[in-house]
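Peer 1: This is start.txt, which holds compact mmCIF, C-alpha atoms:
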# COMPACT_ATOMS: atom_id res chain seq x y z
CA LEU C 200 77.48 163.93 43.42
CA ILE C 201 79.46 165.80 46.09
CA GLY C 202 78.30 169.41 46.13
CA LYS C 203 74.93 168.64 44.55
CA ARG C 204 71.56 168.44 46.29
CA ILE C 205 69.31 165.39 46.27
CA THR C 206 65.69 164.91 47.29
CA LEU C 207 65.20 163.10 50.57
CA PRO C 208 62.71 160.28 49.97
CA LEU C 209 59.23 160.66 51.52
CA THR C 210 59.75 164.40 51.97
CA ASP C 211 59.87 167.39 49.68
CA ARG C 212 63.20 168.46 51.15
CA THR C 213 66.51 168.54 49.37
CA ILE C 214 69.73 167.87 51.20
CA PRO C 215 73.33 168.50 50.17
CA VAL C 216 75.71 165.68 49.30
CA VAL C 217 78.93 166.00 51.29
CA ALA C 218 82.01 163.83 51.75
CA ASP C 219 83.30 163.20 55.26
CA THR C 220 86.10 161.05 56.63
CA HIS C 221 83.83 159.72 59.41
CA VAL C 222 81.92 157.58 56.90
CA ASP C 223 83.50 154.15 56.46
CA PRO C 224 83.26 153.06 52.78
CA GLU C 225 83.98 149.47 53.86
CA PHE C 226 80.70 149.39 55.77
CA GLY C 227 77.91 149.13 53.23
CA THR C 228 78.07 151.55 50.34
CA GLY C 229 79.94 154.30 52.15
CA ALA C 230 77.01 156.63 51.49
CA VAL C 231 74.83 157.57 54.44
CA LYS C 232 72.21 160.13 55.33
CA VAL C 233 73.17 162.05 58.43
CA THR C 234 70.78 163.39 61.04
CA PRO C 235 72.70 166.18 62.81
CA ALA C 236 70.00 166.79 65.42
CA HIS C 237 69.71 163.14 66.48
CA ASP C 238 73.15 161.53 66.50
CA PRO C 239 76.42 162.72 68.06
CA ASN C 240 78.58 161.63 65.10
CA ASP C 241 76.12 163.12 62.63
CA PHE C 242 76.10 166.33 64.68
CA ALA C 243 79.89 166.56 64.27
CA ILE C 244 79.57 165.94 60.50
CA GLY C 245 76.84 168.57 60.35
CA GLN C 246 79.04 171.08 62.13
CA ARG C 247 81.94 170.43 59.74
CA HIS C 248 79.70 170.92 56.68
CA ASN C 249 77.26 173.56 58.00
CA LEU C 250 74.30 171.19 57.66
CA GLU C 251 70.88 172.12 58.97
CA SER C 252 69.88 170.38 62.21
CA ILE C 253 66.19 169.52 62.06
CA GLU C 254 64.62 167.95 65.13
CA VAL C 255 62.19 165.23 64.09
CA LEU C 256 61.56 163.70 67.53
CA ASP C 257 60.11 165.30 70.61
CA GLU C 258 61.19 164.47 74.17
CA ARG C 259 58.85 161.45 74.19
CA GLY C 260 60.22 159.96 70.95
CA VAL C 261 57.24 161.04 68.82
CA ILE C 262 57.76 162.22 65.23
CA THR C 263 57.13 165.96 64.94
CA THR C 264 57.70 166.41 61.18
CA HIS C 265 57.38 164.60 57.87
CA GLY C 266 53.69 164.52 57.02
CA PRO C 267 52.12 161.08 57.32
CA PHE C 268 54.52 159.97 60.05
CA GLN C 269 53.86 162.96 62.29
CA GLY C 270 52.52 161.90 65.67
CA LEU C 271 53.81 158.33 65.44
CA ASP C 272 56.05 156.86 68.10
CA ARG C 273 59.60 156.39 66.77
CA PHE C 274 59.29 152.59 66.69
CA GLU C 275 55.95 152.72 64.84
CA ALA C 276 57.39 155.33 62.47
CA ARG C 277 60.42 153.21 61.59
CA SER C 278 58.33 150.31 60.32
CA ALA C 279 55.89 152.70 58.58
CA ILE C 280 58.79 154.45 56.84
CA VAL C 281 60.28 151.15 55.67
CA ALA C 282 56.85 150.14 54.33
CA ALA C 283 56.50 153.49 52.51
CA LEU C 284 59.99 153.21 51.02
CA ARG C 285 59.25 149.65 49.93
CA ALA C 286 55.93 150.75 48.35
CA GLU C 287 57.80 153.42 46.34
CA GLY C 288 60.33 150.82 45.19
CA ARG C 289 63.17 152.63 46.93
CA ILE C 290 64.53 149.67 48.89
CA VAL C 291 66.80 147.75 46.55
CA ALA C 292 68.56 145.49 49.09
CA GLU C 293 68.62 144.75 52.78
CA LYS C 294 71.68 143.67 54.71
CA ARG C 295 71.73 141.01 57.32
CA PRO C 296 71.46 142.21 60.92
CA TYR C 297 74.69 143.73 62.19
CA THR C 298 76.08 144.78 65.55
CA HIS C 299 75.79 148.45 66.38
CA SER C 300 75.96 150.52 69.54
CA VAL C 301 72.74 152.19 70.55
CA GLY C 302 72.67 153.91 73.92
CA HIS C 303 70.31 152.62 76.59
CA CYS C 304 69.23 154.11 79.90
CA SER C 305 71.15 152.52 82.79
CA ARG C 306 68.01 152.47 84.95
CA CYS C 307 65.10 151.49 82.72
CA LYS C 308 67.05 150.04 79.76
CA THR C 309 65.04 152.00 77.16
CA THR C 310 66.70 153.18 73.95
CA LEU C 311 68.20 156.66 74.22
CA GLU C 312 67.39 159.03 71.40
CA PRO C 313 69.93 161.87 71.19
CA ARG C 314 68.37 165.31 70.78
CA LEU C 315 69.63 168.85 70.51
CA SER C 316 69.33 170.60 73.84
CA LEU C 317 71.07 173.19 75.89
CA GLN C 318 73.39 171.56 78.39
CA TRP C 319 75.05 172.90 81.48
CA TRP C 320 77.53 171.47 83.90
CA VAL C 321 78.63 172.45 87.37
CA LYS C 322 82.20 171.95 88.48
CA VAL C 323 81.09 170.20 91.67
CA GLU C 324 84.55 169.66 93.13
CA THR C 325 85.07 173.41 93.65
CA LEU C 326 81.65 173.85 95.26
CA ALA C 327 82.08 170.79 97.49
CA LYS C 328 85.48 171.98 98.73
CA ALA C 329 84.07 175.44 99.50
CA ALA C 330 81.12 173.85 101.36
CA GLY C 331 83.45 171.67 103.42
CA ASP C 332 85.79 174.57 104.15
CA ALA C 333 82.87 176.73 105.33
CA VAL C 334 82.02 174.15 108.00
CA ARG C 335 85.64 173.50 108.95
CA ASP C 336 86.40 177.20 109.52
CA GLY C 337 83.17 177.83 111.44
CA ARG C 338 81.29 180.01 108.95
CA VAL C 339 78.61 177.32 108.78
CA ALA C 340 77.50 174.97 111.55
CA ILE C 341 75.94 171.54 111.12
CA HIS C 342 72.97 170.83 113.40
CA PRO C 343 72.83 168.39 114.96
CA ALA C 344 76.62 168.37 115.30
CA ASP C 345 76.82 164.58 115.20
CA MET C 346 75.79 164.77 111.52
CA SER C 347 79.04 166.59 110.64
CA GLN C 348 80.86 163.40 109.72
CA ARG C 349 78.08 162.40 107.33
CA TYR C 350 78.25 165.86 105.77
CA PHE C 351 82.02 165.58 105.29
CA ASP C 352 81.56 162.10 103.84
CA TRP C 353 79.42 163.72 101.12
CA VAL C 354 81.50 166.83 100.35
CA ASP C 355 84.97 165.28 100.73
CA ILE C 356 84.31 162.38 98.38
CA LEU C 357 84.75 164.66 95.41
Would you mind writing the structure in this file as structure tokens?
Peer 2:
Amino acid sequence: LIGKRITLPLTDRTIPVVADTHVDPEFGTGAVKVTPAHDPNDFAIGQRHNLESIEVLDERGVITTHGPFQGLDRFEARSAIVAALRAEGRIVAEKRPYTHSVGHCSRCKTTLEPRLSLQWWVKVETLAKAAGDAVRDGRVAIHPADMSQRYFDWVDIL
């Protein structure tokens, strides 16, 4: 089937069948559907095979595409999708629960849903050094002066 297109169940979209070394044939069937816009590994597979990245979740975890599931929270949509697949006779077997790694927020413990977004980073070490140097050489003064040590504690830690 590699190189052919197949219809994605519950949608009228066709997707290409590709082979990729990331997929482990020892885990299940070795055939998986990738979601390049919502999983880092799938994103890498998508990049290697020029797959389209379609965002199906908004920033609140609500489905933004796919007809009858549009507007549902991701957790509601998952069970509704399983029910729809079952009703169409598309689920032929279910595996026992297995261990997987799903990211969770360190503060609130909610499930993280990867999304495509523009990212930016600042090389803070360079800025912190320049900020510390500006105070040390007198171009910038800390007021009140007794807060200087606290300031250096912040900028010199990097």
Peer 1: Can you tell me, as AutoDock Vina command-line options, the centre and edge lengths (Å, one decimal) of the axis-aligned box enclosing all of region 223-242 of chain C's listed atoms after padding each side by 5 Å?
Peer 2:
--center_x 76.8 --center_y 158.0 --center_z 59.2 --size_x 24.3 --size_y 27.7 --size_z 27.7
Peer 1: Take CA of Thr228 (chain C) and CA of Pro296 (chain C) and report the distance between them in Å, one decimal.
Peer 2: 15.6 Å
Peer 1: Which residue out of C:Arg259, C:Pro215, C:Arg295, C:Asp272 has the minimum interatomic distance to Gly227 (chain C) when only C-alpha atoms are used?
Peer 2: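 When distances to Gly227 (chain C) are compared using only C-alpha atoms, the smallest one comes from C:Arg295.
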Peer 1: Work out how far apart CA of Thr309 (chain C) and CA of Pro208 (chain C) are and give it in Å to one decimal.
Peer 2: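 Computing it gives 28.5 Å between the two atoms.
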Peer 1: Which residues of region 206-275 of chain C come within 6 Å of region 313-327 of chain C, and for each one, what is the closest pair of atoms and their distance in Å to one decimal, counting all atoms listed in the file, sorted by chain and residue number, as JSON lines?
Peer 2:
{"residue": "C:Ala236", "atom": "CA", "partner": "C:Leu315", "partner_atom": "CA", "distance": 5.5}
{"residue": "C:His237", "atom": "CA", "partner": "C:Pro313", "partner_atom": "CA", "distance": 4.9}
{"residue": "C:Asp238", "atom": "CA", "partner": "C:Pro313", "partner_atom": "CA", "distance": 5.7}
Peer 1: Quick one, how far is CA of Ile290 (chain C) from CA of Ile244 (chain C)?
Peer 2: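 Interatomic distance, CA of Ile290 (chain C) to CA of Ile244 (chain C): 25.0 Å.
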Peer 1: Go through C:Phe242, C:Val354, C:Thr310, C:Thr210 one by one, measure the shortest atom-to-atom distance of each to Gly266 (chain C) using only C-alpha atoms, and give the residue with the smallest value.
Peer 2: C:Thr210
Peer 1: Write out as a list in words each polymer residue whose atoms come within 12 Å of His248 (chain C), counting all atoms listed in the file; drop sequence neighbours fewer than 6 positions from it.
Peer 2: Ile201, Gly202, Ile214, Pro215, Val216, Val217, Ala218, Asp219, Thr220, Val233, Pro235, Asp241 and Phe242 of chain C
Peer 1: When you look at Leu209 (chain C) with a cut-off of 10 Å (counting only C-alpha atoms), what residues show up, excluding the ones that are within fewer than 5 positions of it in the same chain? I need them as a count of residues only.
Peer 2: 8
Peer 1: Can you tell me, as a ChimeraX atom specification, what residues are no more than 12 Å from Leu311 (chain C) when counting all atoms listed in the file, ignoring any on the same chain fewer than 2 positions away?
Peer 2: /C:237-239,256,258-260,273,300-309,313-314
Peer 1: For each of C:Gly331, C:Gly337, C:Gly270, C:Gly245, take the minimum atom-to-atom distance to Tyr350 (chain C), counting only C-alpha atoms, then give the residue where this is smallest.
Peer 2: C:Gly331
Peer 1: My list of candidates is C:Asp336, C:Glu251, C:Ile262, C:Arg349. Which is closest to Ala279 (chain C) when distances are computed with all atoms listed in the file?
Peer 2: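 So, comparing all the options, the nearest one is C:Ile262.
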Peer 1: Between C:Val222, C:Val255, C:Leu207, C:Ala330, which has the minimum distance to Asn240 (chain C) (counting all atoms listed in the file)?
Peer 2: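 Among C:Val222, C:Val255, C:Leu207, C:Ala330, it is C:Val222 that comes nearest to Asn240 (chain C).
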Peer 1: Nearest to Asp211 (chain C) among C:Ala344, C:Val231, C:Thr264, C:Ala243, with distances taken over only C-alpha atoms: which residue is it?
Peer 2: C:Thr264
Peer 1: Where atoms are missing, can you supply all heavy atoms for region 261-272 of chain C and output the lot as a PDB file, in the coordinates of the input?
Peer 2:
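Below is the file that was written, selection_29.pdb:
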ATOM      1  N   VAL C 261      58.341 160.968  69.793  1.00  0.00           N
ATOM      2  CA  VAL C 261      57.240 161.040  68.820  1.00  0.00           C
ATOM      3  C   VAL C 261      57.692 161.920  67.653  1.00  0.00           C
ATOM      4  O   VAL C 261      58.303 162.971  67.848  1.00  0.00           O
ATOM      5  CB  VAL C 261      55.966 161.615  69.486  1.00  0.00           C
ATOM      6  CG1 VAL C 261      54.866 161.852  68.462  1.00  0.00           C
ATOM      7  CG2 VAL C 261      55.492 160.670  70.580  1.00  0.00           C
ATOM      8  N   ILE C 262      57.382 161.487  66.428  1.00  0.00           N
ATOM      9  CA  ILE C 262      57.760 162.220  65.230  1.00  0.00           C
ATOM     10  C   ILE C 262      56.993 163.548  65.178  1.00  0.00           C
ATOM     11  O   ILE C 262      55.774 163.581  65.320  1.00  0.00           O
ATOM     12  CB  ILE C 262      57.446 161.396  63.947  1.00  0.00           C
ATOM     13  CG1 ILE C 262      58.169 160.047  63.982  1.00  0.00           C
ATOM     14  CG2 ILE C 262      57.795 162.182  62.688  1.00  0.00           C
ATOM     15  CD1 ILE C 262      59.661 160.120  63.941  1.00  0.00           C
ATOM     16  N   THR C 263      57.734 164.632  64.963  1.00  0.00           N
ATOM     17  CA  THR C 263      57.130 165.960  64.940  1.00  0.00           C
ATOM     18  C   THR C 263      57.064 166.558  63.550  1.00  0.00           C
ATOM     19  O   THR C 263      56.502 167.626  63.356  1.00  0.00           O
ATOM     20  CB  THR C 263      57.935 166.926  65.841  1.00  0.00           C
ATOM     21  OG1 THR C 263      59.277 166.985  65.364  1.00  0.00           O
ATOM     22  CG2 THR C 263      57.916 166.470  67.290  1.00  0.00           C
ATOM     23  N   THR C 264      57.674 165.892  62.555  1.00  0.00           N
ATOM     24  CA  THR C 264      57.700 166.410  61.180  1.00  0.00           C
ATOM     25  C   THR C 264      57.423 165.284  60.206  1.00  0.00           C
ATOM     26  O   THR C 264      57.207 164.143  60.585  1.00  0.00           O
ATOM     27  CB  THR C 264      59.087 167.016  60.858  1.00  0.00           C
ATOM     28  OG1 THR C 264      60.069 166.004  61.020  1.00  0.00           O
ATOM     29  CG2 THR C 264      59.411 168.206  61.734  1.00  0.00           C
ATOM     30  N   HIS C 265      57.476 165.579  58.954  1.00  0.00           N
ATOM     31  CA  HIS C 265      57.380 164.600  57.870  1.00  0.00           C
ATOM     32  C   HIS C 265      55.982 164.022  57.658  1.00  0.00           C
ATOM     33  O   HIS C 265      55.792 162.827  57.632  1.00  0.00           O
ATOM     34  CB  HIS C 265      58.401 163.473  58.014  1.00  0.00           C
ATOM     35  CG  HIS C 265      59.817 163.960  58.031  1.00  0.00           C
ATOM     36  ND1 HIS C 265      60.271 164.946  57.219  1.00  0.00           N
ATOM     37  CD2 HIS C 265      60.862 163.598  58.785  1.00  0.00           C
ATOM     38  CE1 HIS C 265      61.543 165.178  57.464  1.00  0.00           C
ATOM     39  NE2 HIS C 265      61.924 164.383  58.412  1.00  0.00           N
ATOM     40  N   GLY C 266      55.021 164.883  57.498  1.00  0.00           N
ATOM     41  CA  GLY C 266      53.690 164.520  57.020  1.00  0.00           C
ATOM     42  C   GLY C 266      53.035 163.299  57.630  1.00  0.00           C
ATOM     43  O   GLY C 266      52.640 163.325  58.781  1.00  0.00           O
ATOM     44  N   PRO C 267      52.919 162.206  56.861  1.00  0.00           N
ATOM     45  CA  PRO C 267      52.120 161.080  57.320  1.00  0.00           C
ATOM     46  C   PRO C 267      52.679 160.360  58.548  1.00  0.00           C
ATOM     47  O   PRO C 267      51.975 159.595  59.184  1.00  0.00           O
ATOM     48  CB  PRO C 267      52.113 160.135  56.112  1.00  0.00           C
ATOM     49  CG  PRO C 267      53.323 160.487  55.330  1.00  0.00           C
ATOM     50  CD  PRO C 267      53.514 161.969  55.545  1.00  0.00           C
ATOM     51  N   PHE C 268      53.913 160.629  58.897  1.00  0.00           N
ATOM     52  CA  PHE C 268      54.520 159.970  60.050  1.00  0.00           C
ATOM     53  C   PHE C 268      54.421 160.815  61.316  1.00  0.00           C
ATOM     54  O   PHE C 268      54.725 160.348  62.409  1.00  0.00           O
ATOM     55  CB  PHE C 268      55.976 159.609  59.756  1.00  0.00           C
ATOM     56  CG  PHE C 268      56.126 158.895  58.450  1.00  0.00           C
ATOM     57  CD1 PHE C 268      56.724 159.512  57.374  1.00  0.00           C
ATOM     58  CD2 PHE C 268      55.616 157.613  58.283  1.00  0.00           C
ATOM     59  CE1 PHE C 268      56.831 158.863  56.157  1.00  0.00           C
ATOM     60  CE2 PHE C 268      55.712 156.956  57.069  1.00  0.00           C
ATOM     61  CZ  PHE C 268      56.325 157.586  56.006  1.00  0.00           C
ATOM     62  N   GLN C 269      53.980 162.054  61.151  1.00  0.00           N
ATOM     63  CA  GLN C 269      53.860 162.960  62.290  1.00  0.00           C
ATOM     64  C   GLN C 269      52.912 162.373  63.328  1.00  0.00           C
ATOM     65  O   GLN C 269      51.837 161.874  62.996  1.00  0.00           O
ATOM     66  CB  GLN C 269      53.348 164.325  61.843  1.00  0.00           C
ATOM     67  CG  GLN C 269      53.351 165.346  62.953  1.00  0.00           C
ATOM     68  CD  GLN C 269      53.047 166.747  62.434  1.00  0.00           C
ATOM     69  OE1 GLN C 269      52.803 166.949  61.249  1.00  0.00           O
ATOM     70  NE2 GLN C 269      53.049 167.697  63.333  1.00  0.00           N
ATOM     71  N   GLY C 270      53.340 162.402  64.581  1.00  0.00           N
ATOM     72  CA  GLY C 270      52.520 161.900  65.670  1.00  0.00           C
ATOM     73  C   GLY C 270      52.762 160.441  66.007  1.00  0.00           C
ATOM     74  O   GLY C 270      52.288 159.949  67.029  1.00  0.00           O
ATOM     75  N   LEU C 271      53.525 159.733  65.156  1.00  0.00           N
ATOM     76  CA  LEU C 271      53.810 158.330  65.440  1.00  0.00           C
ATOM     77  C   LEU C 271      54.978 158.203  66.413  1.00  0.00           C
ATOM     78  O   LEU C 271      55.925 158.991  66.377  1.00  0.00           O
ATOM     79  CB  LEU C 271      54.181 157.565  64.160  1.00  0.00           C
ATOM     80  CG  LEU C 271      53.096 157.355  63.117  1.00  0.00           C
ATOM     81  CD1 LEU C 271      53.681 156.615  61.912  1.00  0.00           C
ATOM     82  CD2 LEU C 271      51.937 156.592  63.702  1.00  0.00           C
ATOM     83  N   ASP C 272      54.923 157.206  67.264  1.00  0.00           N
ATOM     84  CA  ASP C 272      56.050 156.860  68.100  1.00  0.00           C
ATOM     85  C   ASP C 272      57.206 156.445  67.189  1.00  0.00           C
ATOM     86  O   ASP C 272      56.984 155.914  66.097  1.00  0.00           O
ATOM     87  CB  ASP C 272      55.671 155.694  69.027  1.00  0.00           C
ATOM     88  CG  ASP C 272      56.857 155.168  69.798  1.00  0.00           C
ATOM     89  OD1 ASP C 272      57.202 155.771  70.828  1.00  0.00           O
ATOM     90  OD2 ASP C 272      57.460 154.173  69.341  1.00  0.00           O
TER      91      ASP C 272
END
